[in-house]
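Listing of protein_7.tsv, TSV, C-alpha atoms
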chain	number	residue	atom	x	y	z
H	1	MET	CA	-123.67	-78.35	-123.32
H	2	THR	CA	-120.24	-79.92	-123.78
H	3	ARG	CA	-119.21	-78.73	-127.22
H	4	LEU	CA	-120.39	-75.55	-128.88
H	5	ASN	CA	-120.98	-75.07	-132.55
H	6	ALA	CA	-121.13	-71.86	-134.56
H	7	VAL	CA	-124.94	-71.59	-134.41
H	8	GLN	CA	-125.02	-71.97	-130.64
H	9	ILE	CA	-122.21	-69.44	-130.19
H	10	LYS	CA	-124.16	-66.82	-132.09
H	11	ALA	CA	-127.27	-67.40	-129.95
H	12	LEU	CA	-125.50	-67.13	-126.58
H	13	ASN	CA	-126.18	-63.87	-124.77
H	14	GLU	CA	-126.38	-64.85	-121.09
H	15	PRO	CA	-123.17	-63.99	-119.19
H	16	GLY	CA	-121.15	-67.04	-118.29
H	17	ARG	CA	-118.50	-69.50	-119.40
H	18	TYR	CA	-119.49	-72.04	-122.00
H	19	PRO	CA	-117.26	-75.06	-122.76
H	20	ALA	CA	-116.39	-75.68	-126.39
H	21	GLY	CA	-114.43	-78.92	-125.80
H	22	ASP	CA	-110.88	-79.86	-124.77
H	23	GLY	CA	-110.57	-76.98	-122.31
H	24	LEU	CA	-111.68	-74.31	-124.79
H	25	ILE	CA	-114.20	-71.89	-123.25
H	26	LEU	CA	-116.34	-69.09	-124.64
H	27	ASN	CA	-116.52	-66.33	-122.02
H	28	VAL	CA	-119.63	-64.14	-122.33
H	29	LYS	CA	-119.40	-60.98	-120.24
H	30	PRO	CA	-122.34	-58.99	-118.81
H	31	GLY	CA	-121.92	-56.30	-121.46
H	32	GLY	CA	-122.36	-58.91	-124.19
H	33	SER	CA	-118.72	-59.16	-125.35
H	34	LYS	CA	-117.47	-62.66	-126.10
H	35	SER	CA	-113.92	-63.96	-125.95
H	36	TRP	CA	-112.03	-67.25	-125.98
H	37	LEU	CA	-110.16	-68.85	-123.08
H	38	LEU	CA	-108.18	-72.05	-122.84
H	39	ARG	CA	-108.02	-73.83	-119.50
H	40	ILE	CA	-105.15	-76.28	-119.25
H	41	GLN	CA	-102.80	-77.98	-116.77
H	42	SER	CA	-99.28	-76.53	-117.16
H	43	GLY	CA	-96.40	-76.99	-114.71
H	44	GLY	CA	-98.66	-78.82	-112.27
H	45	LYS	CA	-101.07	-75.89	-112.10
H	46	ARG	CA	-104.34	-75.04	-113.76
H	47	ARG	CA	-103.81	-72.06	-116.03
H	48	GLU	CA	-105.94	-70.01	-118.41
H	49	PHE	CA	-104.80	-68.39	-121.63
H	50	GLY	CA	-106.72	-65.73	-123.50
H	51	LEU	CA	-107.10	-66.47	-127.21
H	52	GLY	CA	-108.78	-63.27	-128.35
H	53	SER	CA	-112.20	-61.80	-128.99
H	54	LEU	CA	-114.89	-63.71	-130.86
H	55	LYS	CA	-115.03	-60.74	-133.25
H	56	ASP	CA	-111.43	-61.42	-134.28
H	57	VAL	CA	-111.08	-65.18	-133.74
H	58	THR	CA	-113.49	-67.76	-135.16
H	59	LEU	CA	-114.33	-71.05	-133.45
H	60	ALA	CA	-112.05	-72.93	-135.86
H	61	GLU	CA	-109.19	-70.48	-135.25
H	62	ALA	CA	-109.67	-70.71	-131.48
H	63	ARG	CA	-109.48	-74.52	-131.64
H	64	GLU	CA	-106.33	-74.30	-133.78
H	65	ALA	CA	-104.70	-71.88	-131.29
H	66	ALA	CA	-105.72	-74.10	-128.36
H	67	SER	CA	-104.19	-77.14	-130.09
H	68	ALA	CA	-100.90	-75.25	-130.60
H	69	ILE	CA	-100.75	-74.33	-126.90
H	70	ARG	CA	-101.43	-77.91	-125.82
H	71	LYS	CA	-98.54	-79.07	-128.03
H	72	GLN	CA	-96.24	-76.53	-126.39
H	73	VAL	CA	-97.20	-77.78	-122.93
H	74	ARG	CA	-96.58	-81.39	-123.96
H	75	SER	CA	-93.14	-80.33	-125.20
H	76	GLY	CA	-92.32	-78.78	-121.82
H	77	LEU	CA	-92.57	-75.19	-123.05
H	78	ASP	CA	-94.25	-72.33	-121.23
H	79	PRO	CA	-96.98	-70.99	-123.59
H	80	LEU	CA	-96.85	-67.54	-121.99
H	81	GLN	CA	-93.11	-67.21	-122.57
H	82	GLU	CA	-93.47	-68.49	-126.12
H	83	ARG	CA	-96.15	-65.88	-126.77
H	84	ARG	CA	-93.90	-63.15	-125.43
H	85	LYS	CA	-91.08	-64.32	-127.71
H	86	ALA	CA	-93.41	-64.16	-130.70
H	87	GLU	CA	-94.61	-60.67	-129.76
H	88	ASP	CA	-91.02	-59.48	-129.20
H	89	ARG	CA	-89.77	-60.86	-132.53
H	90	THR	CA	-86.63	-59.12	-133.63
H	91	PRO	CA	-87.14	-57.37	-136.99
H	92	THR	CA	-85.20	-58.42	-140.06
H	93	PHE	CA	-82.47	-56.25	-141.52
H	94	ARG	CA	-84.85	-55.32	-144.36
H	95	GLU	CA	-87.58	-54.23	-141.92
H	96	ALA	CA	-85.10	-52.16	-139.90
H	97	ALA	CA	-83.71	-50.51	-143.06
H	98	VAL	CA	-87.20	-49.51	-144.17
H	99	ALA	CA	-87.88	-48.09	-140.68
H	100	VAL	CA	-84.63	-46.08	-140.73
H	101	HIS	CA	-85.43	-44.72	-144.19
H	102	GLU	CA	-88.96	-43.74	-143.18
H	103	GLU	CA	-87.80	-41.92	-140.05
H	104	HIS	CA	-84.74	-40.21	-141.50
H	105	LYS	CA	-85.87	-39.21	-145.00
H	106	ARG	CA	-87.77	-36.18	-143.70
H	107	GLY	CA	-84.44	-34.71	-142.63
H	108	TRP	CA	-82.80	-35.21	-146.02
H	109	LYS	CA	-83.23	-32.21	-148.33
H	110	ASN	CA	-81.91	-33.98	-151.41
H	111	GLY	CA	-84.73	-35.95	-153.05
H	112	LYS	CA	-82.25	-38.00	-155.04
H	113	HIS	CA	-80.52	-39.04	-151.82
H	114	GLN	CA	-83.88	-40.05	-150.31
H	115	ALA	CA	-84.55	-42.39	-153.22
H	116	GLN	CA	-81.03	-43.77	-153.50
H	117	TRP	CA	-80.56	-44.44	-149.79
H	118	LEU	CA	-82.91	-47.41	-149.72
H	119	SER	CA	-82.43	-48.50	-153.34
H	120	THR	CA	-78.69	-49.15	-152.82
H	121	LEU	CA	-79.52	-51.48	-149.91
H	122	GLU	CA	-82.23	-53.17	-151.97
H	123	THR	CA	-79.70	-53.80	-154.73
H	124	TYR	CA	-76.65	-54.86	-152.75
H	125	ALA	CA	-77.61	-55.81	-149.17
H	126	PHE	CA	-81.14	-57.22	-149.21
H	127	PRO	CA	-80.45	-60.23	-151.49
H	128	SER	CA	-78.19	-61.85	-148.87
H	129	MET	CA	-78.97	-59.96	-145.64
H	130	GLY	CA	-82.52	-58.68	-146.03
H	131	ASP	CA	-84.30	-61.60	-144.38
H	132	LEU	CA	-81.76	-62.11	-141.59
H	133	SER	CA	-82.90	-61.27	-138.08
H	134	LEU	CA	-80.94	-58.26	-136.82
H	135	ASN	CA	-79.47	-60.43	-134.08
H	136	ALA	CA	-78.15	-62.82	-136.72
H	137	VAL	CA	-76.24	-60.19	-138.74
H	138	GLU	CA	-72.50	-60.58	-138.21
H	139	THR	CA	-69.33	-58.94	-139.50
H	140	GLY	CA	-68.90	-61.60	-142.18
H	141	HIS	CA	-72.32	-60.90	-143.66
H	142	VAL	CA	-71.48	-57.22	-144.14
H	143	ARG	CA	-68.05	-58.04	-145.54
H	144	ASP	CA	-69.57	-60.46	-148.07
H	145	VAL	CA	-72.08	-57.85	-149.23
H	146	LEU	CA	-69.29	-55.36	-149.93
H	147	GLY	CA	-66.71	-57.80	-151.35
H	148	PRO	CA	-68.03	-58.01	-154.95
H	149	ILE	CA	-68.25	-54.21	-155.38
H	150	TRP	CA	-65.44	-53.01	-153.12
H	151	LEU	CA	-62.90	-52.54	-155.94
H	152	GLU	CA	-65.28	-52.45	-158.90
H	153	LYS	CA	-67.56	-49.73	-157.48
H	154	PRO	CA	-65.62	-48.21	-154.57
H	155	GLU	CA	-67.79	-45.14	-154.04
H	156	THR	CA	-70.98	-47.19	-154.10
H	157	ALA	CA	-69.43	-49.75	-151.76
H	158	ARG	CA	-68.53	-47.06	-149.23
H	159	ARG	CA	-72.08	-45.74	-149.33
H	160	VAL	CA	-73.52	-49.22	-148.81
H	161	ARG	CA	-71.13	-49.76	-145.88
H	162	GLN	CA	-72.19	-46.48	-144.29
H	163	ARG	CA	-75.90	-47.24	-144.74
H	164	ILE	CA	-75.60	-50.75	-143.33
H	165	GLY	CA	-73.81	-49.25	-140.32
H	166	THR	CA	-76.62	-46.72	-139.88
H	167	VAL	CA	-79.24	-49.50	-139.85
H	168	LEU	CA	-77.29	-51.56	-137.30
H	169	ASP	CA	-76.68	-48.52	-135.07
H	170	TYR	CA	-80.40	-47.77	-135.24
H	171	ALA	CA	-81.11	-51.37	-134.22
H	172	VAL	CA	-78.90	-50.98	-131.15
H	173	GLY	CA	-80.76	-47.81	-130.22
H	174	LYS	CA	-84.07	-49.67	-130.52
H	175	ASN	CA	-82.75	-52.58	-128.39
H	176	TRP	CA	-83.14	-54.92	-131.36
H	177	ARG	CA	-79.54	-56.07	-131.05
H	178	PRO	CA	-77.07	-55.76	-128.16
H	179	HIS	CA	-74.16	-54.12	-129.98
H	180	PRO	CA	-73.18	-52.57	-133.34
H	181	ILE	CA	-70.81	-54.14	-135.84
H	182	SER	CA	-67.33	-52.66	-136.18
H	183	MET	CA	-67.13	-51.20	-139.68
H	184	THR	CA	-63.38	-50.89	-139.12
H	185	ALA	CA	-63.20	-54.68	-138.84
H	186	VAL	CA	-65.29	-55.02	-142.00
H	187	THR	CA	-62.98	-52.66	-143.90
H	188	LYS	CA	-59.84	-54.47	-142.71
H	189	ALA	CA	-61.28	-57.72	-144.05
H	190	LEU	CA	-61.48	-56.18	-147.53
H	191	PRO	CA	-58.66	-55.35	-149.97
H	192	ARG	CA	-57.21	-51.85	-149.93
H	193	GLN	CA	-58.97	-49.51	-152.33
H	194	PRO	CA	-56.82	-47.33	-154.63
H	195	ARG	CA	-56.09	-44.03	-152.92
H	196	LYS	CA	-57.73	-40.88	-154.22
H	197	ASP	CA	-57.30	-37.34	-153.00
H	198	GLY	CA	-61.07	-37.03	-152.61
H	199	ARG	CA	-61.31	-33.91	-154.76
H	200	PHE	CA	-63.59	-33.42	-157.74
H	201	GLU	CA	-61.68	-33.41	-161.01
H	202	ALA	CA	-61.75	-29.74	-161.93
H	203	MET	CA	-60.93	-27.89	-165.10
H	204	PRO	CA	-58.01	-25.51	-164.43
H	205	TYR	CA	-59.45	-22.02	-164.14
H	206	SER	CA	-57.18	-20.82	-166.94
H	207	GLN	CA	-59.05	-23.11	-169.36
H	208	VAL	CA	-62.55	-22.03	-168.36
H	209	PRO	CA	-62.72	-18.95	-170.68
H	210	ALA	CA	-62.01	-21.04	-173.80
H	211	PHE	CA	-64.46	-23.70	-172.68
H	212	LEU	CA	-67.19	-21.13	-172.03
H	213	SER	CA	-66.59	-19.61	-175.47
H	214	GLU	CA	-67.17	-23.02	-177.08
H	215	LEU	CA	-70.18	-23.64	-174.83
H	216	ARG	CA	-71.81	-20.45	-176.10
H	217	SER	CA	-71.30	-21.47	-179.75
H	218	LYS	CA	-74.49	-23.54	-179.62
H	219	THR	CA	-77.73	-23.09	-177.71
H	220	SER	CA	-79.60	-25.69	-175.71
H	221	VAL	CA	-81.23	-25.79	-172.30
H	222	GLY	CA	-78.37	-27.94	-171.01
H	223	ARG	CA	-75.69	-25.56	-172.30
H	224	LEU	CA	-77.48	-22.56	-170.82
H	225	ALA	CA	-77.77	-24.35	-167.46
H	226	LEU	CA	-74.07	-25.21	-167.48
H	227	GLU	CA	-73.16	-21.61	-168.37
H	228	ALA	CA	-75.32	-20.36	-165.48
H	229	LEU	CA	-73.65	-22.86	-163.17
H	230	ILE	CA	-70.19	-21.59	-164.11
H	231	LEU	CA	-71.12	-17.91	-163.76
H	232	THR	CA	-72.83	-18.35	-160.38
H	233	ALA	CA	-70.46	-21.02	-158.94
H	234	ALA	CA	-73.62	-22.87	-157.87
H	235	ARG	CA	-74.10	-26.57	-157.34
H	236	SER	CA	-75.68	-28.63	-160.09
H	237	GLY	CA	-78.84	-29.37	-158.09
H	238	GLU	CA	-79.35	-25.69	-157.28
H	239	ILE	CA	-79.12	-24.70	-160.95
H	240	ARG	CA	-81.23	-27.57	-162.29
H	241	GLY	CA	-83.93	-26.87	-159.69
H	242	ALA	CA	-83.90	-23.08	-160.17
H	243	LEU	CA	-87.37	-21.50	-160.38
H	244	TRP	CA	-88.31	-18.18	-161.97
H	245	SER	CA	-89.94	-17.17	-158.68
H	246	GLU	CA	-86.48	-17.29	-157.03
H	247	ILE	CA	-84.88	-14.92	-159.52
H	248	ASP	CA	-85.01	-11.13	-159.40
H	249	LEU	CA	-83.45	-9.94	-162.64
H	250	GLU	CA	-84.05	-6.28	-161.85
H	251	GLY	CA	-82.41	-6.66	-158.45
H	252	ALA	CA	-79.68	-8.88	-159.96
H	253	ALA	CA	-80.14	-11.59	-157.35
H	254	TRP	CA	-81.17	-15.23	-157.18
H	255	THR	CA	-82.35	-16.47	-153.79
H	256	VAL	CA	-82.17	-20.24	-153.37
H	257	PRO	CA	-84.52	-21.40	-150.59
H	258	ALA	CA	-83.17	-23.28	-147.58
H	259	GLU	CA	-84.77	-26.59	-148.55
H	260	ARG	CA	-82.70	-26.72	-151.73
H	261	MET	CA	-79.40	-25.76	-150.12
H	262	LYS	CA	-76.92	-28.31	-148.81
H	263	ALA	CA	-76.38	-26.36	-145.58
H	264	GLY	CA	-80.13	-25.91	-145.04
H	265	ARG	CA	-79.98	-22.09	-145.16
H	266	ALA	CA	-81.35	-19.76	-147.84
H	267	HIS	CA	-78.58	-18.42	-150.07
H	268	THR	CA	-78.64	-15.24	-152.16
H	269	VAL	CA	-76.51	-15.35	-155.30
H	270	PRO	CA	-75.58	-11.94	-156.76
H	271	LEU	CA	-76.03	-12.02	-160.54
H	272	SER	CA	-73.46	-10.46	-162.83
H	273	LYS	CA	-74.65	-8.93	-166.09
H	274	GLU	CA	-73.36	-12.05	-167.86
H	275	ALA	CA	-75.44	-14.28	-165.56
H	276	ILE	CA	-78.54	-12.15	-166.14
H	277	SER	CA	-77.94	-12.57	-169.86
H	278	VAL	CA	-78.03	-16.35	-169.46
H	279	PHE	CA	-81.37	-16.23	-167.65
H	280	ASN	CA	-82.80	-13.90	-170.29
H	281	ARG	CA	-81.63	-16.21	-173.07
H	282	ALA	CA	-83.17	-19.17	-171.22
H	283	ALA	CA	-86.53	-17.37	-171.15
H	284	GLU	CA	-86.27	-16.60	-174.88
H	285	THR	CA	-85.24	-20.15	-175.79
H	286	LEU	CA	-88.16	-21.95	-174.16
H	287	SER	CA	-91.16	-22.48	-176.42
H	288	VAL	CA	-93.32	-23.22	-173.37
H	289	ARG	CA	-92.80	-21.15	-170.22
H	290	THR	CA	-92.49	-23.32	-167.11
H	291	GLU	CA	-91.75	-22.50	-163.48
H	292	LEU	CA	-88.39	-24.25	-163.95
H	293	VAL	CA	-85.72	-22.02	-165.48
H	294	PHE	CA	-83.96	-25.01	-167.06
H	295	PRO	CA	-86.63	-27.68	-167.61
H	296	GLY	CA	-85.85	-31.19	-168.73
H	297	ALA	CA	-87.34	-33.04	-171.68
H	298	ARG	CA	-90.24	-34.27	-169.55
H	299	LEU	CA	-92.79	-31.58	-168.78
H	300	GLY	CA	-92.45	-30.28	-165.24
H	301	LYS	CA	-89.23	-32.20	-164.57
H	302	PRO	CA	-85.77	-30.58	-164.18
H	303	LEU	CA	-82.73	-31.47	-166.23
H	304	SER	CA	-80.85	-34.54	-165.09
H	305	ASP	CA	-77.31	-34.19	-163.79
H	306	MET	CA	-76.18	-36.45	-166.63
H	307	THR	CA	-77.34	-33.85	-169.17
H	308	LEU	CA	-74.70	-31.43	-167.93
H	309	LEU	CA	-72.03	-34.11	-167.62
H	310	LYS	CA	-72.72	-35.30	-171.18
H	311	ILE	CA	-71.82	-31.86	-172.53
H	312	LEU	CA	-68.37	-32.28	-170.99
H	313	ARG	CA	-67.97	-35.88	-172.12
H	314	ASP	CA	-69.00	-35.03	-175.69
H	315	GLN	CA	-65.99	-32.73	-175.79
H	316	GLY	CA	-63.73	-35.46	-174.45
H	317	LEU	CA	-63.22	-33.66	-171.13
H	318	ALA	CA	-62.49	-35.82	-168.07
H	319	VAL	CA	-63.71	-33.19	-165.61
H	320	THR	CA	-66.83	-33.02	-163.47
H	321	VAL	CA	-69.60	-30.44	-163.39
H	322	HIS	CA	-68.96	-29.85	-159.69
H	323	GLY	CA	-65.33	-29.17	-160.47
H	324	PHE	CA	-66.20	-25.72	-161.83
H	325	ARG	CA	-66.74	-24.65	-158.23
H	326	SER	CA	-63.15	-25.70	-157.49
H	327	ALA	CA	-61.95	-23.75	-160.53
H	328	PHE	CA	-63.75	-20.67	-159.22
H	329	ARG	CA	-62.24	-21.09	-155.76
H	330	ASP	CA	-58.71	-21.50	-157.14
H	331	TRP	CA	-59.15	-18.42	-159.33
H	332	ALA	CA	-60.41	-16.36	-156.37
H	333	ALA	CA	-57.41	-17.39	-154.28
H	334	GLU	CA	-54.77	-16.83	-156.96
H	335	CYS	CA	-56.12	-13.95	-159.03
H	336	THR	CA	-57.97	-11.68	-156.60
H	337	ASP	CA	-57.42	-9.95	-153.27
H	338	ILE	CA	-60.84	-11.04	-152.02
H	339	PRO	CA	-60.66	-12.52	-148.48
H	340	GLY	CA	-61.10	-16.28	-148.30
H	341	GLU	CA	-64.28	-16.04	-146.22
H	342	VAL	CA	-65.94	-14.05	-149.02
H	343	ALA	CA	-65.08	-16.73	-151.59
H	344	GLU	CA	-66.33	-19.40	-149.21
H	345	ALA	CA	-69.58	-17.48	-148.77
H	346	ALA	CA	-69.93	-17.31	-152.55
H	347	LEU	CA	-69.78	-21.11	-152.59
H	348	ALA	CA	-72.33	-21.27	-149.74
H	349	HIS	CA	-69.93	-23.34	-147.67
H	350	ALA	CA	-70.84	-23.82	-144.02
H	351	ILE	CA	-68.47	-22.22	-141.50
H	352	PRO	CA	-66.68	-25.14	-139.79
H	353	ASN	CA	-65.92	-23.19	-136.62
H	354	LYS	CA	-69.19	-23.16	-134.63
H	355	VAL	CA	-68.16	-20.17	-132.52
H	356	GLU	CA	-67.28	-18.12	-135.59
H	357	ALA	CA	-70.52	-19.20	-137.27
H	358	ALA	CA	-72.54	-18.07	-134.24
H	359	TYR	CA	-71.06	-14.57	-134.30
H	360	ARG	CA	-70.93	-13.93	-138.02
H	361	ARG	CA	-73.84	-11.70	-138.98
H	362	THR	CA	-73.04	-10.98	-142.63
H	363	ASP	CA	-73.13	-12.97	-145.84
H	364	PHE	CA	-70.78	-10.48	-147.62
H	365	LEU	CA	-73.40	-9.90	-150.32
H	366	GLU	CA	-71.92	-6.68	-151.74
H	367	LYS	CA	-68.38	-8.05	-151.68
H	368	ARG	CA	-69.65	-11.21	-153.34
H	369	ARG	CA	-71.38	-9.11	-155.98
H	370	ASP	CA	-68.02	-7.59	-156.93
H	371	LEU	CA	-66.35	-11.01	-156.82
H	372	MET	CA	-68.91	-12.62	-159.13
H	373	SER	CA	-68.64	-9.73	-161.58
H	374	GLN	CA	-64.86	-10.18	-161.70
H	375	TRP	CA	-65.31	-13.93	-162.25
H	376	ALA	CA	-67.82	-13.36	-165.05
H	377	GLU	CA	-65.47	-10.93	-166.76
H	378	PHE	CA	-62.58	-13.38	-166.46
H	379	VAL	CA	-64.41	-16.43	-167.87
H	380	SER	CA	-65.96	-14.33	-170.63
H	381	GLU	CA	-62.59	-13.30	-172.04
H	382	GLY	CA	-62.92	-16.09	-174.59
H	383	LYS	CA	-65.95	-14.46	-176.23
What would you get if you wrote out this structure as structure tokens?
Amino acid sequence: MTRLNAVQIKALNEPGRYPAGDGLILNVKPGGSKSWLLRIQSGGKRREFGLGSLKDVTLAEAREAASAIRKQVRSGLDPLQERRKAEDRTPTFREAAVAVHEEHKRGWKNGKHQAQWLSTLETYAFPSMGDLSLNAVETGHVRDVLGPIWLEKPETARRVRQRIGTVLDYAVGKNWRPHPISMTAVTKALPRQPRKDGRFEAMPYSQVPAFLSELRSKTSVGRLALEALILTAARSGEIRGALWSEIDLEGAAWTVPAERMKAGRAHTVPLSKEAISVFNRAAETLSVRTELVFPGARLGKPLSDMTLLKILRDQGLAVTVHGFRSAFRDWAAECTDIPGEVAEAALAHAIPNKVEAAYRRTDFLEKRRDLMSQWAEFVSEGK
């Protein structure tokens, strides 16, 4: 038998090696398993190459693989080394970015950040860099991705730069490329961005009472959420994601779970009587009771951040929602005798000094309760 066909292959059960032509062999083992081998002269020696199990590789596929190996030998290549190169193929930038996102997203508490992390790379980096092997990515590629948005969308550009750097650092850690790219060199190859002080544009605390008075002149879920945000000095995401199960109106406290806090620790917010009033009005306003205190237009979905910002923009105010936290902090520093660490605790800021953080055993809840009551009284003067 010098050349097997598909019918003969199926009938073979006796252990042995059966030639299929041009050095291709079907190896039948005593247990009945069948696999393909290619016997060939390479480098002056007779060598055999495994081509896979008959269950996975058909006769036609085995002949095609054998033909490819014979071509490599004729070209002076070592088939074994070529196979290793193929198996050790360096991933593309796109593949590495997806791997980074998949591994890291479990550590990100902000769902919006999880979604945006990869989408910004899909929008700005993948079109030109996505299909490049990681070893082929150079400083110029990164610079050219950032160039069109560096001045037009500076914040977005900085995020894209940081995320590209994360992917390339990950690739170094996985031995997919020998060294990272210097993001300093990338930045120096781009024009200087206009300087900003990095602070959120905040409404001066002296203007908050008048603003809150106007805010209370109409009722909507968005206005109630913004009022609650001001009275509690909470972050937008914490307010928009607030659940009734977190709020104890009788105990005048709102406990935000760790997974929804920026610092990853549960945070108890003492509620002033004005804040409790907002939550009561929210319950009365809703025609359908949901677990969300401030639900969005879509059932089961929270308000969007843009809903709160639109309230400010509709009044022609060039301030941010987050800036009300800055207004609160400035007021606490200038108008009260409350220690700074109490005000920082009210904002749920992490303690930068690790030693101090390790030894601090209080969250100043009772002092914060007094502070938040003073703040509520101050901003409600415009009633």
### Task
Quote the spacing between CA of His349 in chain H and CA of Arg325 in chain H in Å to one decimal place.
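That distance, rounded to one decimal, is 11.1 Å.
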### Task
Show which residues sit within 6 Å of Trp254 in chain H, as a list in words. Count all atoms listed in the file, and ignore same-chain residues fewer than 3 positions away.
Glu246, Ile247, Thr268 and Val269 of chain H
Store the residues picked out above, limited to C-alpha atoms, as a PDB file, in the frame of the given file.
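This went into result-v2.pdb:
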ATOM      1  CA  GLU H 246     -86.480 -17.290-157.030  1.00  0.00           C
ATOM      2  CA  ILE H 247     -84.880 -14.920-159.520  1.00  0.00           C
ATOM      3  CA  THR H 268     -78.640 -15.240-152.160  1.00  0.00           C
ATOM      4  CA  VAL H 269     -76.510 -15.350-155.300  1.00  0.00           C
TER       5      VAL H 269
END
#### Entry: Nearest residue to Leu190 in chain H from the set H:Arg240, H:Arg158, H:Arg70, H:Arg368 (distances using all atoms listed in the file)
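Looking only at the distances to Leu190 in chain H, the closest residue turns out to be H:Arg158.
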### Message
Can you measure CA of Cys335 in chain H to CA of Glu214 in chain H for me? One decimal in Å is fine.
### Response
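We find that CA of Cys335 in chain H and CA of Glu214 in chain H lie 23.0 Å from each other.
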### Query
From the list H:Leu59, H:Leu271, H:Val319, H:Ala225, which residue is nearest Leu292 in chain H when using all atoms listed in the file?
H:Ala225
### Message
One decimal, in Å: what's the spacing between CA of Ala228 in chain H and CA of Ala275 in chain H?
### Response
6.1 Å
### Query
Contacts of Gln162 in chain H at 12 Å or less, counting only C-alpha atoms, minus same-chain residues fewer than 4 places along, as a ChimeraX atom specification?
/H:117,120-121,125,142,146,155-158,166-169,181-184,186-187
### Message
Env of range 134-136 of chain H: 7 Å cut, atoms = only C-alpha atoms, seq-sep filter 4 positions within chain, self excluded. Answer as number ranges by chain.
### Response
H: 90-93, 176-177
Tell me which protein, DNA and RNA residues are within 8 Å of range 15-28 of chain H, counting all atoms listed in the file, leaving out same-chain ones fewer than 5 positions away, and put them as a compact mmCIF listing (two decimals) with C-alpha atoms, in the coordinates of the input.
# COMPACT_ATOMS: atom_id res chain seq x y z
CA MET H 1 -123.67 -78.35 -123.32
CA THR H 2 -120.24 -79.92 -123.78
CA ARG H 3 -119.21 -78.73 -127.22
CA LEU H 4 -120.39 -75.55 -128.88
CA ASN H 5 -120.98 -75.07 -132.55
CA SER H 33 -118.72 -59.16 -125.35
CA LYS H 34 -117.47 -62.66 -126.10
CA SER H 35 -113.92 -63.96 -125.95
CA TRP H 36 -112.03 -67.25 -125.98
CA LEU H 37 -110.16 -68.85 -123.08
CA LEU H 38 -108.18 -72.05 -122.84
CA ARG H 39 -108.02 -73.83 -119.50
CA ILE H 40 -105.15 -76.28 -119.25
CA ALA H 62 -109.67 -70.71 -131.48
CA ARG H 63 -109.48 -74.52 -131.64
CA ALA H 66 -105.72 -74.10 -128.36
### Task
Go through H:Ala345, H:Pro79, H:Ile239, H:Arg159 one by one, measure the shortest atom-to-atom distance of each to Arg47 in chain H using all atoms listed in the file, and give the residue with the smallest value.
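Of H:Ala345, H:Pro79, H:Ile239, H:Arg159, the one nearest Arg47 in chain H is H:Pro79, counting all atoms listed in the file.
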